[in-house]
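J.: Structure: protein_24.txt, compact mmCIF, C-alpha atoms.
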# COMPACT_ATOMS: atom_id res chain seq x y z
CA LEU A 1 -19.77 -3.40 -63.88
CA LYS A 2 -19.07 -6.28 -61.52
CA THR A 3 -15.36 -5.49 -61.61
CA LEU A 4 -15.41 -1.78 -62.46
CA PHE A 5 -17.20 -0.83 -59.25
CA ASN A 6 -16.22 -3.98 -57.36
CA TRP A 7 -19.76 -5.20 -56.74
CA PRO A 8 -20.45 -8.73 -58.05
CA THR A 9 -24.27 -8.80 -57.99
CA PHE A 10 -27.28 -6.89 -59.26
CA PRO A 11 -29.16 -4.67 -58.72
CA GLN A 12 -26.62 -1.93 -58.04
CA LEU A 13 -27.76 1.47 -56.78
CA TYR A 14 -25.82 4.61 -57.69
CA VAL A 15 -26.27 8.18 -56.42
CA ASP A 16 -24.41 11.01 -58.15
CA GLY A 17 -22.41 8.42 -60.09
CA LYS A 18 -21.18 6.68 -56.93
CA LEU A 19 -22.05 3.14 -55.93
CA VAL A 20 -24.22 2.84 -52.83
CA GLY A 21 -24.59 -0.94 -52.92
CA GLY A 22 -26.95 -3.72 -53.75
CA LEU A 23 -30.33 -4.79 -52.44
CA ASP A 24 -28.96 -5.82 -49.05
CA VAL A 25 -27.51 -2.32 -48.52
CA ILE A 26 -30.70 -0.58 -49.72
CA THR A 27 -32.83 -2.79 -47.46
CA GLU A 28 -30.62 -2.13 -44.46
CA MET A 29 -30.82 1.63 -45.03
CA ALA A 30 -34.60 1.51 -45.49
CA GLU A 31 -34.98 -0.34 -42.19
CA ASP A 32 -32.76 2.17 -40.37
CA ASP A 33 -35.07 4.33 -38.25
CA SER A 34 -32.46 7.03 -37.69
CA ALA A 35 -33.39 8.79 -40.94
CA PRO A 36 -35.64 8.25 -43.97
CA LEU A 37 -34.01 6.54 -46.96
CA PRO A 38 -34.09 9.68 -49.17
CA GLU A 39 -32.29 11.62 -46.45
CA GLN A 40 -29.64 8.90 -46.06
CA LEU A 41 -29.10 8.93 -49.82
CA GLY A 42 -29.04 12.72 -49.88
CA VAL A 43 -31.81 12.99 -52.47
CA PRO A 44 -35.26 14.60 -52.32
CA ALA A 45 -38.26 12.33 -51.89
CA VAL A 46 -41.00 12.46 -54.52
CA GLU A 47 -44.13 13.78 -52.81
CA SER A 48 -46.84 11.15 -52.70
CA LEU A 49 -50.29 11.84 -54.14
CA ASP A 50 -51.85 11.59 -50.67
CA ASP A 51 -49.40 14.11 -49.22
CA ARG A 52 -50.03 16.46 -52.16
CA LEU A 53 -53.80 16.25 -51.65
CA ARG A 54 -53.53 16.81 -47.89
CA LYS A 55 -51.44 19.92 -48.56
CA MET A 56 -53.93 21.10 -51.16
CA VAL A 57 -57.01 20.89 -48.92
CA ALA A 58 -55.08 22.74 -46.20
CA SER A 59 -53.64 25.39 -48.54
CA SER A 60 -56.57 27.73 -47.89
CA ARG A 61 -58.36 28.14 -44.54
CA VAL A 62 -61.56 27.19 -46.36
CA MET A 63 -61.12 25.01 -49.45
CA LEU A 64 -63.87 23.95 -51.84
CA VAL A 65 -62.94 20.97 -53.99
CA MET A 66 -65.31 21.29 -56.90
CA LYS A 67 -65.96 20.86 -60.60
CA GLY A 68 -64.73 24.03 -62.27
CA THR A 69 -63.78 27.25 -60.53
CA ALA A 70 -65.59 29.78 -58.35
CA ASP A 71 -66.00 32.04 -61.38
CA ALA A 72 -67.02 29.22 -63.70
CA PRO A 73 -68.55 26.23 -61.89
CA ARG A 74 -69.05 23.23 -64.15
CA CYS A 75 -71.88 21.46 -62.34
CA GLY A 76 -75.03 22.56 -60.54
CA PHE A 77 -73.93 21.25 -57.13
CA SER A 78 -70.63 23.10 -57.30
CA ARG A 79 -72.45 26.26 -58.38
CA GLN A 80 -74.80 26.01 -55.40
CA ALA A 81 -71.89 25.53 -52.98
CA VAL A 82 -70.10 28.60 -54.37
CA THR A 83 -73.29 30.65 -54.06
CA LEU A 84 -73.86 29.57 -50.43
CA LEU A 85 -70.32 30.50 -49.39
CA ASN A 86 -70.41 33.81 -51.24
CA GLU A 87 -73.79 34.77 -49.78
CA VAL A 88 -72.48 34.58 -46.23
CA GLY A 89 -69.18 36.28 -47.08
CA ILE A 90 -66.82 33.34 -46.56
CA LYS A 91 -63.48 33.69 -48.33
CA PHE A 92 -62.43 30.36 -49.83
CA GLY A 93 -60.01 28.72 -52.21
CA THR A 94 -60.97 26.19 -54.86
CA PHE A 95 -59.47 23.12 -56.52
CA ASP A 96 -60.85 21.94 -59.85
CA ILE A 97 -61.01 18.14 -59.80
CA LEU A 98 -61.85 18.09 -63.51
CA ALA A 99 -58.29 19.26 -64.19
CA ASP A 100 -56.69 16.34 -62.31
CA GLU A 101 -58.26 12.91 -62.84
CA GLU A 102 -55.78 11.20 -60.51
CA ALA A 103 -56.64 13.61 -57.69
CA ARG A 104 -60.35 13.26 -58.42
CA ALA A 105 -60.26 9.48 -58.05
CA ARG A 106 -58.12 9.49 -54.88
CA LEU A 107 -60.03 12.22 -53.05
CA LYS A 108 -63.14 10.04 -53.03
CA THR A 109 -61.38 7.43 -50.89
CA LEU A 110 -58.71 9.45 -49.07
CA PHE A 111 -61.26 11.39 -47.05
CA ASN A 112 -64.07 8.86 -47.45
CA TRP A 113 -66.44 11.15 -49.34
CA PRO A 114 -67.50 9.85 -52.77
CA THR A 115 -69.05 12.97 -54.31
CA PHE A 116 -68.16 16.55 -55.20
CA PRO A 117 -68.08 19.33 -54.14
CA GLN A 118 -66.23 18.71 -50.89
CA LEU A 119 -65.70 21.49 -48.32
CA TYR A 120 -62.64 21.54 -46.08
CA VAL A 121 -61.81 23.86 -43.18
CA ASP A 122 -58.27 23.88 -41.79
CA GLY A 123 -57.53 20.75 -43.83
CA LYS A 124 -60.42 18.76 -42.37
CA LEU A 125 -63.43 17.57 -44.35
CA VAL A 126 -66.73 19.24 -43.44
CA GLY A 127 -68.83 17.47 -46.07
CA GLY A 128 -70.58 17.97 -49.37
CA LEU A 129 -73.34 20.23 -50.60
CA ASP A 130 -75.97 18.51 -48.45
CA VAL A 131 -73.97 19.22 -45.29
CA ILE A 132 -73.22 22.82 -46.28
CA THR A 133 -76.90 23.44 -47.10
CA GLU A 134 -78.05 21.94 -43.80
CA MET A 135 -75.63 24.14 -41.88
CA ALA A 136 -76.66 27.25 -43.83
CA GLU A 137 -80.32 26.57 -43.01
CA ASP A 138 -79.57 26.06 -39.30
CA ASP A 139 -80.83 29.17 -37.51
CA SER A 140 -78.85 28.44 -34.34
CA ALA A 141 -75.75 30.17 -35.71
CA PRO A 142 -74.52 31.75 -38.98
CA LEU A 143 -72.59 29.45 -41.30
CA PRO A 144 -69.23 31.21 -40.77
CA GLU A 145 -69.62 30.76 -37.01
CA GLN A 146 -70.48 27.06 -37.40
CA LEU A 147 -67.41 26.58 -39.58
CA GLY A 148 -65.25 28.58 -37.18
CA VAL A 149 -64.09 31.03 -39.83
CA PRO A 150 -64.53 34.80 -40.17
CA ALA A 151 -66.93 36.16 -42.74
CA VAL A 152 -65.57 38.65 -45.23
CA GLU A 153 -67.63 41.81 -44.96
CA SER A 154 -69.78 42.24 -48.06
CA LEU A 155 -69.69 45.43 -50.09
CA ASP A 156 -73.29 46.21 -49.11
CA ASP A 157 -72.54 45.82 -45.40
CA ARG A 158 -69.43 47.97 -45.76
CA LEU A 159 -71.39 50.73 -47.46
CA ARG A 160 -74.20 50.62 -44.88
CA LYS A 161 -71.60 50.98 -42.14
CA MET A 162 -69.95 53.83 -44.00
CA VAL A 163 -73.10 55.92 -44.40
CA ALA A 164 -73.90 55.36 -40.72
CA SER A 165 -70.37 56.11 -39.47
CA SER A 166 -71.17 59.81 -39.05
CA ARG A 167 -74.48 61.26 -37.82
CA VAL A 168 -74.57 63.26 -41.06
CA MET A 169 -72.66 61.75 -43.98
CA LEU A 170 -72.14 63.40 -47.36
CA VAL A 171 -71.19 60.96 -50.09
CA MET A 172 -69.56 63.18 -52.67
CA LYS A 173 -66.90 63.65 -55.30
CA GLY A 174 -63.75 64.76 -53.51
CA THR A 175 -63.56 65.93 -49.90
CA ALA A 176 -65.06 68.76 -47.89
CA ASP A 177 -61.82 70.71 -48.26
CA ALA A 178 -61.41 69.88 -51.93
CA PRO A 179 -64.69 69.10 -53.71
CA ARG A 180 -64.18 67.79 -57.22
CA CYS A 181 -67.48 68.76 -58.82
CA GLY A 182 -69.77 71.78 -58.63
CA PHE A 183 -72.70 69.90 -57.09
CA SER A 184 -70.53 68.47 -54.31
CA ARG A 185 -69.07 71.94 -53.67
CA GLN A 186 -72.56 73.41 -53.36
CA ALA A 187 -73.64 70.69 -50.93
CA VAL A 188 -70.58 71.29 -48.74
CA THR A 189 -71.23 75.06 -48.77
CA LEU A 190 -74.89 74.62 -47.79
CA LEU A 191 -74.08 72.36 -44.85
CA ASN A 192 -71.24 74.60 -43.66
CA GLU A 193 -73.39 77.74 -43.85
CA VAL A 194 -75.95 76.34 -41.41
CA GLY A 195 -73.30 74.90 -39.11
CA ILE A 196 -73.98 71.21 -39.63
CA LYS A 197 -71.08 68.94 -38.71
CA PHE A 198 -70.74 66.13 -41.25
CA GLY A 199 -68.49 63.39 -42.46
CA THR A 200 -67.65 62.73 -46.09
CA PHE A 201 -66.90 59.78 -48.34
CA ASP A 202 -65.12 60.32 -51.64
CA ILE A 203 -66.72 58.07 -54.25
CA LEU A 204 -63.97 58.94 -56.75
CA ALA A 205 -61.58 56.92 -54.57
CA ASP A 206 -63.67 53.73 -54.72
CA GLU A 207 -65.18 52.86 -58.09
CA GLU A 208 -66.83 49.69 -56.77
CA ALA A 209 -68.57 51.66 -54.01
CA ARG A 210 -69.55 54.38 -56.45
CA ALA A 211 -71.31 51.92 -58.74
CA ARG A 212 -73.08 50.05 -55.95
CA LEU A 213 -74.28 53.11 -54.03
CA LYS A 214 -76.39 54.13 -57.02
CA THR A 215 -78.47 50.96 -56.75
CA LEU A 216 -78.15 50.06 -53.06
CA PHE A 217 -80.10 53.12 -51.93
CA ASN A 218 -81.82 53.66 -55.26
CA TRP A 219 -80.23 57.11 -55.91
Written as structure tokens, that's how I'd like the structure from this file.

T.:
Amino acid sequence: LKTLFNWPTFPQLYVDGKLVGGLDVITEMAEDDSAPLPEQLGVPAVESLDDRLRKMVASSRVMLVMKGTADAPRCGFSRQAVTLLNEVGIKFGTFDILADEEARARLKTLFNWPTFPQLYVDGKLVGGLDVITEMAEDDSAPLPEQLGVPAVESLDDRLRKMVASSRVMLVMKGTADAPRCGFSRQAVTLLNEVGIKFGTFDILADEEARARLKTLFNW
């Protein structure tokens, strides 16, 4: 190798089968501020763990780093955090630290918070369950407002708005022009005969709403 590539010392660095040089050349390139070493060598840099974790906590506007998932929390504290966020209609992503031991260990020191769950907003640490609970119990402002994020409208709130969107609202199967069951057709006919103006909502077009309306208003 000393004669084949005309370099008498070791180590020798090669990229794409071509000699770059020895330690002196690598050092000189690394100290060159004009471009990072990977760029000078024309090779991709391996993403560091810290960079990967910073990207992860910023990958969702609201990110809950927890044990388990939102659908299957694997500790009581994580379960409570999920419940708090769901109750106020905050949409959030999750990262399961039980699936990545390296990430679990580093997250404790990277953001200086030793326990889980950890809540992040826009990539910045808010705190753990104690902080989330304290904010949720603060009557000065709703939790979404304190976090600076919009709340996702709950199904119940959406349905309450729907039934109040018209002075008279007929929740039915089909539409006023095309009822899709005899009872709905009779209701439309009765209201039309006495000249009542009304809006309609077709429960056949929204199975989730159909199921919930039966219990929400106890009918």

J.: Please report, as a tab-separated table, each residue of segment 147-187 of chain A lying at most 9 Å from segment 194-210 of chain A, together with the nearest pair of atoms and the separation in Å rounded to one decimal; use all atoms listed in the file, and order rows by chain and ascending residue number.

T.:
residue	atom	partner	partner_atom	distance
A:Leu155	CA	A:Ala209	CA	7.4
A:Asp156	CA	A:Ala209	CA	8.7
A:Leu159	CA	A:Ala209	CA	7.2
A:Met162	CA	A:Phe201	CA	8.0
A:Val163	CA	A:Phe201	CA	8.3
A:Ser165	CA	A:Gly199	CA	8.1
A:Ser166	CA	A:Gly199	CA	5.6
A:Arg167	CA	A:Phe198	CA	7.0
A:Val168	CA	A:Phe198	CA	4.8
A:Met169	CA	A:Gly199	CA	4.7
A:Leu170	CA	A:Thr200	CA	4.7
A:Val171	CA	A:Phe201	CA	4.8
A:Met172	CA	A:Asp202	CA	5.4
A:Lys173	CA	A:Asp202	CA	5.3
A:Gly174	CA	A:Asp202	CA	5.0
A:Thr175	CA	A:Asp202	CA	6.1
A:Ala176	CA	A:Thr200	CA	6.8
A:Arg180	CA	A:Leu204	CA	8.9

J.: Could you work out how far atom CA of Ser60 of chain A lies from atom CA of Thr133 of chain A, giving the answer in Å with one decimal?

T.: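 Value for the atom CA of Thr133 of chain A-atom CA of Ser60 of chain A distance: 20.8 Å.
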
J.: Using all atoms listed in the file for the distances, tell me which of A:Arg160, A:Lys55, A:Arg104, A:Arg212 is nearest to Lys124 of chain A.

T.: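 With all atoms listed in the file as the atom set, the closest residue is A:Lys55.
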
J.: May I have the residues within 9 Å of segment 2-10 of chain A as a PyMOL selection string, using all atoms listed in the file and disregarding those fewer than 6 positions away in the same chain?

T.: chain A and resi 18-19+21-23

J.: Please determine the residues with any atom at most 12 Å from (-76.5, 21.5, -45.5) (coordinates as given in the file, with all atoms listed in the file counting) and report them as JSON, numbers by chain.

T.: {"A": [77, 80, 81, 84, 85, 118, 119, 126, 127, 128, 129, 130, 131, 132, 133, 134, 135, 136, 137, 138, 139, 143, 146, 147]}

J.: Which neighbours of segment 88-95 of chain A fall inside 9 Å, counting only C-alpha atoms, when residues of the same chain fewer than 3 positions from it are skipped, and could you give them as number ranges by chain?

T.: A: 56-57, 59-70, 83-85, 98-99, 136, 142-144, 149-154

J.: Could you jot down the atom CA of Cys75 of chain A to atom CA of Pro117 of chain A separation for me, Å, one decimal place?

T.: 9.3 Å

J.: Would you kindly return, as a VMD selection string, each protein, DNA or RNA residue with an atom no farther than 10 Å from any atom of segment 30-36 of chain A, considering all atoms listed in the file and excluding same-chain residues fewer than 6 positions away?

T.: chain A and resid 24 42 45

J.: Figure out the distance between atom CA of Leu37 of chain A and atom CA of Glu102 of chain A, please, to one decimal in Å.

T.: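 These two atoms are separated by 26.1 Å.
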
J.: Could you work out an axis-aligned bounding box for all listed atoms of segment 178-187 of chain A, with 4 Å added on each of the six sides, and give its centre and edge lengths in Å to one decimal, as AutoDock Vina command-line options?

T.:
--center_x -67.5 --center_y 70.6 --center_z -54.9 --size_x 20.2 --size_y 13.6 --size_z 15.9

J.: Regenerate segment 36-47 of chain A at the level of all heavy atoms and dump it as a short mmCIF file (atom, residue, chain, number, x, y, z; two decimals), in the frame of the given file.

T.:
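For reference, out-v6.cif as written:
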data_model
loop_
_atom_site.label_atom_id
_atom_site.label_comp_id
_atom_site.auth_asym_id
_atom_site.auth_seq_id
_atom_site.Cartn_x
_atom_site.Cartn_y
_atom_site.Cartn_z
N PRO A 36 -35.00 8.83 -42.79
CA PRO A 36 -35.64 8.25 -43.97
C PRO A 36 -34.61 7.93 -45.05
O PRO A 36 -33.55 8.56 -45.12
CB PRO A 36 -36.60 9.35 -44.43
CG PRO A 36 -36.75 10.26 -43.25
CD PRO A 36 -35.46 10.18 -42.51
N LEU A 37 -34.93 6.96 -45.90
CA LEU A 37 -34.01 6.54 -46.96
C LEU A 37 -33.60 7.70 -47.87
O LEU A 37 -32.40 7.84 -48.17
CB LEU A 37 -34.63 5.41 -47.77
CG LEU A 37 -33.77 4.82 -48.90
CD1 LEU A 37 -32.44 4.32 -48.37
CD2 LEU A 37 -34.52 3.71 -49.62
N PRO A 38 -34.54 8.56 -48.32
CA PRO A 38 -34.09 9.68 -49.17
C PRO A 38 -33.06 10.56 -48.49
O PRO A 38 -32.10 11.01 -49.13
CB PRO A 38 -35.40 10.45 -49.44
CG PRO A 38 -36.48 9.43 -49.28
CD PRO A 38 -36.01 8.54 -48.18
N GLU A 39 -33.24 10.78 -47.19
CA GLU A 39 -32.29 11.62 -46.45
C GLU A 39 -30.92 10.95 -46.37
O GLU A 39 -29.88 11.60 -46.51
CB GLU A 39 -32.84 11.89 -45.05
CG GLU A 39 -32.01 12.86 -44.24
CD GLU A 39 -32.63 13.15 -42.88
OE1 GLU A 39 -33.87 13.21 -42.79
OE2 GLU A 39 -31.86 13.30 -41.91
N GLN A 40 -30.91 9.63 -46.13
CA GLN A 40 -29.64 8.90 -46.06
C GLN A 40 -28.92 8.95 -47.41
O GLN A 40 -27.69 9.02 -47.47
CB GLN A 40 -29.88 7.45 -45.66
CG GLN A 40 -30.41 7.25 -44.25
CD GLN A 40 -30.55 5.78 -43.93
OE1 GLN A 40 -29.56 5.04 -43.91
NE2 GLN A 40 -31.78 5.33 -43.68
N LEU A 41 -29.70 8.89 -48.48
CA LEU A 41 -29.10 8.93 -49.82
C LEU A 41 -28.78 10.35 -50.26
O LEU A 41 -28.09 10.54 -51.26
CB LEU A 41 -30.05 8.28 -50.83
CG LEU A 41 -30.30 6.77 -50.67
CD1 LEU A 41 -31.38 6.31 -51.65
CD2 LEU A 41 -29.00 5.99 -50.88
N GLY A 42 -29.29 11.33 -49.53
CA GLY A 42 -29.04 12.72 -49.88
C GLY A 42 -29.79 13.19 -51.10
O GLY A 42 -29.33 14.05 -51.84
N VAL A 43 -31.00 12.62 -51.30
CA VAL A 43 -31.81 12.99 -52.47
C VAL A 43 -33.22 13.35 -51.98
O VAL A 43 -33.68 12.87 -50.94
CB VAL A 43 -31.91 11.83 -53.49
CG1 VAL A 43 -30.53 11.51 -54.04
CG2 VAL A 43 -32.53 10.58 -52.87
N PRO A 44 -33.91 14.23 -52.72
CA PRO A 44 -35.26 14.60 -52.32
C PRO A 44 -36.25 13.47 -52.58
O PRO A 44 -36.11 12.73 -53.56
CB PRO A 44 -35.57 15.82 -53.19
CG PRO A 44 -34.71 15.63 -54.41
CD PRO A 44 -33.46 14.95 -53.92
N ALA A 45 -37.21 13.33 -51.69
CA ALA A 45 -38.26 12.33 -51.89
C ALA A 45 -39.33 12.89 -52.82
O ALA A 45 -39.64 14.09 -52.78
CB ALA A 45 -38.89 11.96 -50.55
N VAL A 46 -39.89 12.05 -53.65
CA VAL A 46 -41.00 12.46 -54.52
C VAL A 46 -42.25 12.49 -53.65
O VAL A 46 -42.58 11.50 -52.98
CB VAL A 46 -41.18 11.48 -55.69
CG1 VAL A 46 -42.39 11.87 -56.52
CG2 VAL A 46 -39.92 11.46 -56.55
N GLU A 47 -42.94 13.63 -53.65
CA GLU A 47 -44.13 13.78 -52.81
C GLU A 47 -45.22 12.82 -53.28
O GLU A 47 -45.54 12.75 -54.47
CB GLU A 47 -44.64 15.22 -52.88
CG GLU A 47 -45.76 15.53 -51.91
CD GLU A 47 -46.14 17.00 -51.91
OE1 GLU A 47 -46.27 17.55 -53.02
OE2 GLU A 47 -46.28 17.58 -50.85
#
